[in-house]
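Below is the file model05.txt, which contains compact mmCIF, C-alpha atoms.
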```
# COMPACT_ATOMS: atom_id res chain seq x y z
CA MET M 1 182.68 210.69 156.40
CA GLN M 2 181.87 213.58 154.07
CA THR M 3 178.78 215.70 154.67
CA ALA M 4 176.18 216.69 152.09
CA VAL M 5 173.29 219.14 152.38
CA VAL M 6 170.39 218.62 149.97
CA THR M 7 167.43 221.01 149.78
CA GLY M 8 163.85 220.10 148.90
CA THR M 9 164.05 216.49 150.06
CA SER M 10 160.46 215.52 150.91
CA THR M 11 159.85 214.01 147.45
CA GLY M 12 161.30 213.52 143.98
CA ILE M 13 164.85 214.45 143.06
CA GLY M 14 165.77 215.67 146.53
CA LEU M 15 164.62 212.48 148.23
CA ALA M 16 166.32 210.25 145.65
CA THR M 17 169.53 212.27 145.86
CA SER M 18 169.64 212.09 149.64
CA VAL M 19 169.31 208.31 149.56
CA HIS M 20 171.84 207.87 146.75
CA LEU M 21 174.47 210.08 148.40
CA ALA M 22 174.02 208.29 151.71
CA ARG M 23 174.55 204.96 149.94
CA GLN M 24 177.80 206.37 148.54
CA GLY M 25 179.10 207.15 152.01
CA TYR M 26 177.93 210.71 152.67
CA ARG M 27 176.29 211.85 155.86
CA VAL M 28 173.27 213.66 154.46
CA PHE M 29 171.26 216.51 155.91
CA GLY M 30 167.96 216.67 154.05
CA GLY M 31 166.49 220.15 154.16
CA MET M 32 162.75 220.64 153.85
CA ARG M 33 160.41 223.52 154.61
CA ASN M 34 157.74 221.35 156.16
CA THR M 35 159.23 218.54 158.24
CA ALA M 36 155.77 217.02 158.62
CA LYS M 37 156.46 215.64 155.12
CA ALA M 38 159.64 213.86 156.23
CA GLU M 39 158.07 210.41 156.51
CA ALA M 40 159.19 209.13 153.09
CA LEU M 41 162.81 210.20 153.57
CA GLU M 42 162.98 208.95 157.13
CA ALA M 43 161.48 205.61 156.10
CA ALA M 44 164.01 205.22 153.29
CA ALA M 45 166.86 206.00 155.69
CA ALA M 46 165.57 203.56 158.31
CA ALA M 47 165.08 200.76 155.79
CA GLU M 48 168.80 200.74 154.94
CA ASN M 49 170.21 202.29 158.12
CA LEU M 50 171.47 205.27 156.10
CA PRO M 51 173.07 208.33 157.74
CA ILE M 52 170.35 210.82 156.79
CA GLU M 53 169.04 213.52 159.11
CA VAL M 54 166.10 215.78 158.31
CA VAL M 55 166.65 219.47 159.01
CA GLU M 56 163.99 222.16 158.83
CA MET M 57 164.92 224.72 156.18
CA ASP M 58 162.78 227.28 154.37
CA ILE M 59 165.10 228.51 151.64
CA CYS M 60 162.98 231.66 151.24
CA ASP M 61 163.73 232.67 154.84
CA SER M 62 167.30 233.79 155.60
CA ALA M 63 166.95 233.09 159.31
CA SER M 64 165.70 229.56 158.64
CA VAL M 65 168.58 228.87 156.25
CA SER M 66 171.18 230.21 158.72
CA SER M 67 169.70 228.16 161.55
CA ALA M 68 169.73 224.99 159.45
CA PHE M 69 173.35 225.41 158.41
CA ASP M 70 174.40 226.25 161.96
CA ARG M 71 172.95 222.90 162.95
CA VAL M 72 174.77 221.12 160.14
CA ARG M 73 178.10 222.78 160.97
CA ARG M 74 177.92 221.50 164.54
CA SER M 75 178.50 218.08 162.99
CA GLY M 76 181.41 219.22 160.82
CA ARG M 77 182.12 220.95 157.55
CA VAL M 78 179.89 220.81 154.46
CA ASP M 79 181.56 219.02 151.57
CA LEU M 80 178.65 218.98 149.11
CA LEU M 81 175.66 221.29 148.68
CA VAL M 82 172.84 220.29 146.33
CA ASN M 83 170.46 223.18 145.57
CA ASN M 84 167.40 221.21 144.53
CA ALA M 85 164.37 222.95 146.09
CA GLY M 86 162.26 224.82 143.55
CA ILE M 87 158.79 225.60 142.25
CA GLY M 88 157.31 225.60 138.76
CA GLY M 89 154.43 227.03 136.77
CA ALA M 90 153.26 227.65 133.21
CA SER M 91 151.36 230.60 131.78
CA PRO M 92 152.01 233.48 129.35
CA LEU M 93 153.69 236.50 130.89
CA GLU M 94 150.62 238.70 130.37
CA LEU M 95 148.61 236.35 132.57
CA THR M 96 151.25 235.86 135.28
CA PRO M 97 150.81 237.99 138.42
CA GLU M 98 153.92 239.88 139.49
CA ASP M 99 153.97 238.32 142.95
CA GLU M 100 153.95 234.85 141.38
CA HIS M 101 156.86 235.85 139.15
CA ARG M 102 158.78 237.17 142.16
CA GLN M 103 158.11 234.02 144.19
CA MET M 104 159.59 231.91 141.41
CA PHE M 105 162.83 233.89 141.64
CA GLU M 106 162.71 234.01 145.42
CA THR M 107 162.63 230.22 145.55
CA ASN M 108 164.52 229.03 142.48
CA TYR M 109 167.26 231.65 142.46
CA PHE M 110 167.58 233.50 145.75
CA GLY M 111 166.90 230.33 147.74
CA ALA M 112 169.98 228.80 146.14
CA VAL M 113 171.98 232.00 146.73
CA ARG M 114 171.20 231.89 150.46
CA CYS M 115 172.42 228.32 150.74
CA ILE M 116 175.52 228.94 148.66
CA GLN M 117 176.56 231.90 150.77
CA GLU M 118 176.34 229.70 153.87
CA VAL M 119 179.05 227.34 152.54
CA LEU M 120 181.34 229.48 150.36
CA ALA M 121 183.69 230.81 153.02
CA ASP M 122 184.29 227.38 154.55
CA MET M 123 184.80 225.72 151.18
CA ARG M 124 187.21 228.46 150.12
CA GLU M 125 189.21 228.12 153.32
CA GLN M 126 189.33 224.33 153.20
CA ARG M 127 190.18 224.44 149.47
CA SER M 128 187.62 221.76 148.66
CA GLY M 129 183.92 221.17 148.25
CA CYS M 130 181.25 221.02 145.58
CA ILE M 131 178.11 223.02 144.86
CA VAL M 132 175.49 221.43 142.61
CA ASN M 133 172.69 223.60 141.23
CA ILE M 134 169.63 221.78 139.91
CA THR M 135 168.55 224.05 137.08
CA SER M 136 166.39 222.73 134.22
CA ALA M 137 166.27 221.95 130.53
CA VAL M 138 164.34 225.24 130.22
CA GLY M 139 167.31 226.94 131.83
CA LEU M 140 169.14 226.03 128.61
CA GLN M 141 166.42 227.25 126.24
CA ALA M 142 164.25 230.33 126.79
CA THR M 143 160.81 228.80 127.01
CA PRO M 144 157.57 230.68 126.23
CA ASN M 145 154.57 230.09 128.47
CA GLN M 146 157.06 229.46 131.30
CA ILE M 147 158.95 232.75 131.42
CA PRO M 148 159.22 233.14 135.23
CA TYR M 149 160.37 229.55 135.70
CA SER M 150 162.66 229.53 132.67
CA ALA M 151 164.16 232.91 133.57
CA SER M 152 164.82 231.87 137.17
CA LYS M 153 166.61 228.75 135.97
CA TRP M 154 168.56 230.80 133.39
CA ALA M 155 169.66 233.03 136.26
CA LEU M 156 170.80 230.01 138.25
CA GLU M 157 172.65 228.72 135.18
CA CYS M 158 174.48 232.05 134.95
CA LEU M 159 175.27 232.00 138.66
CA GLY M 160 176.72 228.51 138.41
CA GLU M 161 178.94 229.35 135.45
CA ALA M 162 180.26 232.57 136.97
CA LEU M 163 180.68 231.05 140.43
CA ALA M 164 182.61 228.12 138.95
CA HIS M 165 185.07 230.71 137.64
CA GLU M 166 185.27 232.53 140.99
CA MET M 167 185.88 229.35 142.98
CA TYR M 168 188.17 227.52 140.56
CA ARG M 169 191.41 228.79 142.09
CA PHE M 170 190.23 227.62 145.52
CA GLY M 171 189.63 224.04 144.41
CA VAL M 172 185.85 224.29 144.83
CA ARG M 173 183.77 222.61 142.14
CA VAL M 174 180.50 224.13 140.87
CA VAL M 175 178.22 222.24 138.49
CA ASN M 176 174.78 222.74 136.93
CA VAL M 177 172.57 219.69 136.53
CA GLU M 178 169.74 220.25 134.02
CA PRO M 179 166.90 217.73 134.25
CA GLY M 180 164.28 217.47 131.55
CA VAL M 181 160.88 216.01 132.37
CA ILE M 182 161.40 213.81 135.40
CA MET M 183 158.82 211.54 137.03
CA THR M 184 158.15 213.72 140.08
CA ASN M 185 155.17 215.64 141.44
CA ILE M 186 156.46 219.12 140.52
CA PHE M 187 153.62 219.51 138.01
CA GLU M 188 151.01 218.67 140.63
CA ASN M 189 152.65 221.10 143.03
CA SER M 190 152.60 223.88 140.43
CA ALA M 191 148.99 223.35 139.32
CA GLU M 192 147.85 226.69 140.76
CA GLN M 193 150.54 228.50 138.75
CA THR M 194 149.62 226.71 135.51
CA ARG M 195 146.93 228.24 133.31
CA TYR M 196 145.18 226.91 130.22
CA ASP M 197 142.34 228.81 128.60
CA LYS M 198 140.83 227.57 125.33
CA THR M 199 139.43 231.06 124.63
CA SER M 200 142.76 232.88 125.11
CA GLU M 201 144.74 234.46 122.30
CA TYR M 202 147.63 232.48 123.78
CA GLN M 203 145.87 229.13 123.48
CA PRO M 204 148.15 227.79 120.69
CA LEU M 205 151.19 228.64 122.83
CA MET M 206 149.69 227.01 125.92
CA ARG M 207 148.75 223.89 123.97
CA ARG M 208 152.17 223.52 122.37
CA ASN M 209 153.91 223.96 125.69
CA GLY M 210 151.70 221.19 127.04
CA LYS M 211 152.59 218.96 124.09
CA ILE M 212 156.29 219.46 124.77
CA PHE M 213 155.82 218.20 128.31
CA ALA M 214 153.57 215.37 127.13
CA ALA M 215 156.36 214.28 124.77
CA GLY M 216 158.78 214.50 127.66
CA PHE M 217 156.60 212.29 129.84
CA LYS M 218 156.71 209.57 127.19
CA ARG M 219 160.47 209.37 127.73
CA ALA M 220 160.63 210.69 131.30
CA VAL M 221 163.34 209.31 133.55
CA PRO M 222 162.99 208.55 137.26
CA PRO M 223 164.51 210.91 139.84
CA GLU M 224 167.10 208.26 140.70
CA VAL M 225 168.78 208.94 137.34
CA VAL M 226 169.18 212.60 138.30
CA ALA M 227 170.59 211.54 141.66
CA GLU M 228 173.19 209.39 139.91
CA ALA M 229 174.14 212.31 137.65
CA ILE M 230 174.54 214.57 140.68
CA TYR M 231 176.93 212.14 142.35
CA THR M 232 178.91 211.65 139.15
CA ALA M 233 179.12 215.39 138.50
CA ALA M 234 180.39 215.97 142.02
CA SER M 235 182.93 213.14 142.09
CA THR M 236 184.25 212.51 138.58
CA PRO M 237 187.84 213.60 137.88
CA ASP M 238 186.62 214.75 134.44
CA TYR M 239 185.04 218.05 135.44
CA ARG M 240 182.45 219.77 133.31
CA LEU M 241 179.98 222.50 134.21
CA ARG M 242 176.73 221.30 132.60
CA TRP M 243 175.04 217.93 133.03
CA PRO M 244 171.74 217.56 131.11
CA VAL M 245 169.64 214.61 132.27
CA GLY M 246 167.01 213.02 130.05
CA PRO M 247 166.49 212.99 126.27
CA ASP M 248 164.63 216.32 126.19
CA ALA M 249 167.36 218.09 128.17
CA GLU M 250 169.99 216.55 125.91
CA GLY M 251 168.02 217.79 122.87
CA PHE M 252 167.91 221.34 124.23
CA MET M 253 171.62 221.21 125.02
CA ALA M 254 172.48 219.99 121.53
CA ALA M 255 170.38 222.78 119.99
CA ARG M 256 172.31 225.52 121.80
CA ASN M 257 175.01 225.53 119.12
CA LYS M 258 173.00 224.60 116.03
CA VAL M 259 169.74 226.58 116.27
CA SER M 260 169.89 230.35 116.12
CA THR M 261 167.95 232.41 118.62
CA GLU M 262 166.03 234.00 115.75
CA ALA M 263 165.00 230.60 114.38
CA TRP M 264 163.59 229.66 117.80
CA ILE M 265 161.75 232.98 118.10
CA GLU M 266 160.24 232.52 114.62
CA MET M 267 158.54 229.35 115.85
CA GLY M 268 156.16 231.70 117.63
CA ALA M 269 154.58 232.45 114.26
CA ASP M 270 151.12 231.21 113.31
CA LEU M 271 152.41 227.83 112.12
CA SER M 272 150.39 224.72 111.42
CA ASP M 273 150.90 221.86 113.84
CA GLU M 274 152.65 219.92 111.10
CA GLU M 275 155.16 222.68 110.43
CA TYR M 276 155.74 223.43 114.12
CA ASN M 277 156.22 219.77 114.98
CA ALA M 278 158.61 219.24 112.07
CA ARG M 279 160.77 222.16 113.14
CA PHE M 280 160.76 221.03 116.77
CA LEU M 281 161.89 217.55 115.76
CA ASP M 282 164.62 218.98 113.55
CA TYR M 283 165.89 221.45 116.14
CA PHE M 284 165.61 219.41 119.33
CA GLY M 285 165.20 215.78 118.29
CA ILE M 286 161.85 215.60 120.11
CA SER M 287 158.72 214.30 118.42
CA LEU M 288 155.51 216.06 119.41
```

Let's see the structure in the file written out as structure tokens.
Amino acid sequence: MQTAVVTGTSTGIGLATSVHLARQGYRVFGGMRNTAKAEALEAAAAAENLPIEVVEMDICDSASVSSAFDRVRRSGRVDLLVNNAGIGGASPLELTPEDEHRQMFETNYFGAVRCIQEVLADMREQRSGCIVNITSAVGLQATPNQIPYSASKWALECLGEALAHEMYRFGVRVVNVEPGVIMTNIFENSAEQTRYDKTSEYQPLMRRNGKIFAAGFKRAVPPEVVAEAIYTAASTPDYRLRWPVGPDAEGFMAARNKVSTEAWIEMGADLSDEEYNARFLDYFGISL
């Protein structure tokens, strides 16, 4: 039986992925910072007698990560790592405290790095394995009003692409899965890092960013769809690096080669809603 480690498994994509991988025959170790929140995952495992074990893991703490992987390795090698744990937030850069910006990178980027470095040597030596990074649609498109989050996911996108090159000769697969708006509680969890002020000079930017997510929610997909994409990306013989999930992520991916960076930047002008919405639909295929 192959072994998978999934981070951030108390809810949402991580929980759904743990269950889906276990159904496909993996023994799954579900990492979570606060194991008091393990009830949902443990209940799902018990309901179907799935081989899922909760392991305490704070990806922002090197000692915690090392301890968790030591525990996993006592049961055998790691065949699949899914870097899912992350945090979000939305506010203009001027209004974002530096420590909040750093925490976004500490979690979304360096948290993944810590986990990856725990498995690389073994995967290289065994000449097999897969690393899946859960990035984001905004890791494909630089997104105003979400600079710390978008930048941290861009960094993880870069890491995945470069690491895929480094590990290719060793038979280790690296993929980036880019969800759009998914029906999870990430927005509730990031409420303290999300700012909206009707009196701010940035109010039009804040409002439009909100409309983008509102449009995404109208077509949002459940976390189980992301879980299916993760399994397919890890197991298909037809390898590719990037796997957008959801219509908004697919729209951002399609725009990468048809919309110039300058054209996207120019949408920051003082446009009417009609003009902004028309451009957004043309560029990304998303109606606001």

Can you write out as a Markdown table which residues of region 33-151 of chain M fall within 12 Å of region 167-170 of chain M, alongside each residue's closest atom pair and its distance in Å to one decimal, counting all atoms listed in the file and ordering rows by chain and ascending residue number?
```
| residue | atom | partner | partner_atom | distance |
| --- | --- | --- | --- | --- |
| M:Ile116 | CA | M:Met167 | CA | 11.8 |
| M:Val119 | CA | M:Met167 | CA | 11.9 |
| M:Leu120 | CA | M:Met167 | CA | 8.7 |
| M:Ala121 | CA | M:Met167 | CA | 10.4 |
| M:Asp122 | CA | M:Phe170 | CA | 10.8 |
| M:Met123 | CA | M:Phe170 | CA | 8.1 |
| M:Arg124 | CA | M:Phe170 | CA | 5.6 |
| M:Glu125 | CA | M:Phe170 | CA | 7.9 |
| M:Gln126 | CA | M:Phe170 | CA | 8.4 |
| M:Arg127 | CA | M:Phe170 | CA | 5.1 |
| M:Ser128 | CA | M:Phe170 | CA | 7.1 |
| M:Gly129 | CA | M:Phe170 | CA | 9.4 |
| M:Cys130 | CA | M:Met167 | CA | 9.9 |
| M:Ile131 | CA | M:Met167 | CA | 10.2 |
```

Looking at M:Glu118, M:Leu241, M:Ala151, M:Thr143, which one is nearest to Ala164 (chain M), with distances taken over all atoms listed in the file? M:Leu241

What lies within 12 Å of region 255-267 of chain M using all atoms listed in the file, ignoring chain neighbours under 2 positions off, as a PyMOL selection string? chain M and resi 137-144+204-205+208+248-253+269-273+275-286

In terms of the shortest atom-to-atom distance over only C-alpha atoms, which of M:Glu157, M:Glu178, M:Asp197, M:Glu274 is closest to Ile13 (chain M)? M:Glu178

Report, in Å with one decimal, the straight-line distance from CA of Ser75 (chain M) to CA of Glu48 (chain M). 21.4 Å

Ranking M:Asn209, M:Thr107, M:Gln146, M:Ser136 by minimum distance to Cys60 (chain M) and counting all atoms listed in the file, which one comes first?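 For Cys60 (chain M), the nearest of the candidates is M:Thr107.
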
Just give me the gap between CA of Ala90 (chain M) and CA of Met183 (chain M) in Å, one decimal is fine. 17.5 Å

Rank nothing, just name the residue among M:Ser287, M:Ser152, M:Ser64, M:Thr11 nearest to Gly88 (chain M), using all atoms listed in the file. M:Ser152

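If you count all atoms listed in the file and draw a sphere of 8 Å around (162.8, 223.9, 144.5), the protein and nucleic acid residues inside it come out as Thr7, Gly8, Asn83, Asn84, Ala85, Gly86, Ile87, Thr107 and Asn108 of chain M.
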
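The coordinates place CA of Val175 (chain M) at 15.7 Å from CA of Gln117 (chain M).
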
Given the choices M:Tyr26, M:Lys211, M:Ala229, M:Gly31, which gets closest to Gly14 (chain M) if the distance is worked out from only C-alpha atoms?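 Comparing M:Tyr26, M:Lys211, M:Ala229, M:Gly31 against Gly14 (chain M), the winner is M:Gly31.
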
Sphere at (164.2, 207.7, 158.0), radius 12 Å, counting only C-alpha atoms: residues as number ranges by chain: M: 9-10, 15, 18-19, 22, 28-30, 35, 37-54

Against region 217-226 of chain M, which residues of region 34-134 of chain M fall within 12 Å? For each one I want the closest pair of atoms and the distance in Å (one decimal), counting only C-alpha atoms, rows by chain and increasing residue number, as CSV.
```
residue,atom,partner,partner_atom,distance
M:Val82,CA,M:Val226,CA,11.7
M:Asn84,CA,M:Val226,CA,10.8
M:Val132,CA,M:Val226,CA,11.7
M:Asn133,CA,M:Val226,CA,11.9
M:Ile134,CA,M:Val226,CA,9.3
```

Go through M:Glu56, M:Val177, M:Ile212, M:Val78 and flag the residue nearest Thr232 (chain M), using only C-alpha atoms for the distances.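 Result for the nearest residue to Thr232 (chain M): M:Val177.
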
Would you kindly place N, CA and C atoms on region 113-131 of chain M and return the model as a short mmCIF file (atom, residue, chain, number, x, y, z; two decimals), in the coordinates of the input?
```
data_model
loop_
_atom_site.label_atom_id
_atom_site.label_comp_id
_atom_site.auth_asym_id
_atom_site.auth_seq_id
_atom_site.Cartn_x
_atom_site.Cartn_y
_atom_site.Cartn_z
N VAL M 113 170.95 231.03 146.32
CA VAL M 113 171.98 232.00 146.73
C VAL M 113 172.18 231.95 148.24
N ARG M 114 171.09 231.92 149.00
CA ARG M 114 171.20 231.89 150.46
C ARG M 114 172.01 230.67 150.93
N CYS M 115 171.71 229.54 150.35
CA CYS M 115 172.42 228.32 150.74
C CYS M 115 173.89 228.36 150.33
N ILE M 116 174.14 228.85 149.13
CA ILE M 116 175.52 228.94 148.66
C ILE M 116 176.35 229.84 149.56
N GLN M 117 175.80 230.97 149.95
CA GLN M 117 176.56 231.90 150.77
C GLN M 117 176.84 231.34 152.16
N GLU M 118 176.08 230.34 152.59
CA GLU M 118 176.34 229.70 153.87
C GLU M 118 177.57 228.79 153.82
N VAL M 119 177.95 228.31 152.63
CA VAL M 119 179.05 227.34 152.54
C VAL M 119 180.30 227.89 151.86
N LEU M 120 180.21 229.02 151.17
CA LEU M 120 181.34 229.48 150.36
C LEU M 120 182.60 229.73 151.16
N ALA M 121 182.49 230.45 152.26
CA ALA M 121 183.69 230.81 153.02
C ALA M 121 184.42 229.56 153.51
N ASP M 122 183.66 228.60 154.05
CA ASP M 122 184.29 227.38 154.55
C ASP M 122 184.92 226.59 153.43
N MET M 123 184.23 226.46 152.29
CA MET M 123 184.80 225.72 151.18
C MET M 123 186.05 226.40 150.65
N ARG M 124 186.02 227.72 150.59
CA ARG M 124 187.21 228.46 150.12
C ARG M 124 188.39 228.22 151.05
N GLU M 125 188.13 228.29 152.36
CA GLU M 125 189.21 228.12 153.32
C GLU M 125 189.75 226.70 153.35
N GLN M 126 188.88 225.71 153.18
CA GLN M 126 189.33 224.33 153.20
C GLN M 126 189.85 223.86 151.85
N ARG M 127 189.70 224.73 150.83
CA ARG M 127 190.18 224.44 149.47
C ARG M 127 189.59 223.15 148.91
N SER M 128 188.30 222.93 149.20
CA SER M 128 187.62 221.76 148.66
C SER M 128 186.12 221.95 148.84
N GLY M 129 185.38 221.11 148.16
CA GLY M 129 183.92 221.17 148.25
C GLY M 129 183.29 221.22 146.88
N CYS M 130 181.98 221.00 146.85
CA CYS M 130 181.25 221.02 145.58
C CYS M 130 179.87 221.59 145.80
N ILE M 131 179.45 222.44 144.87
CA ILE M 131 178.11 223.02 144.86
C ILE M 131 177.41 222.56 143.59
#
```
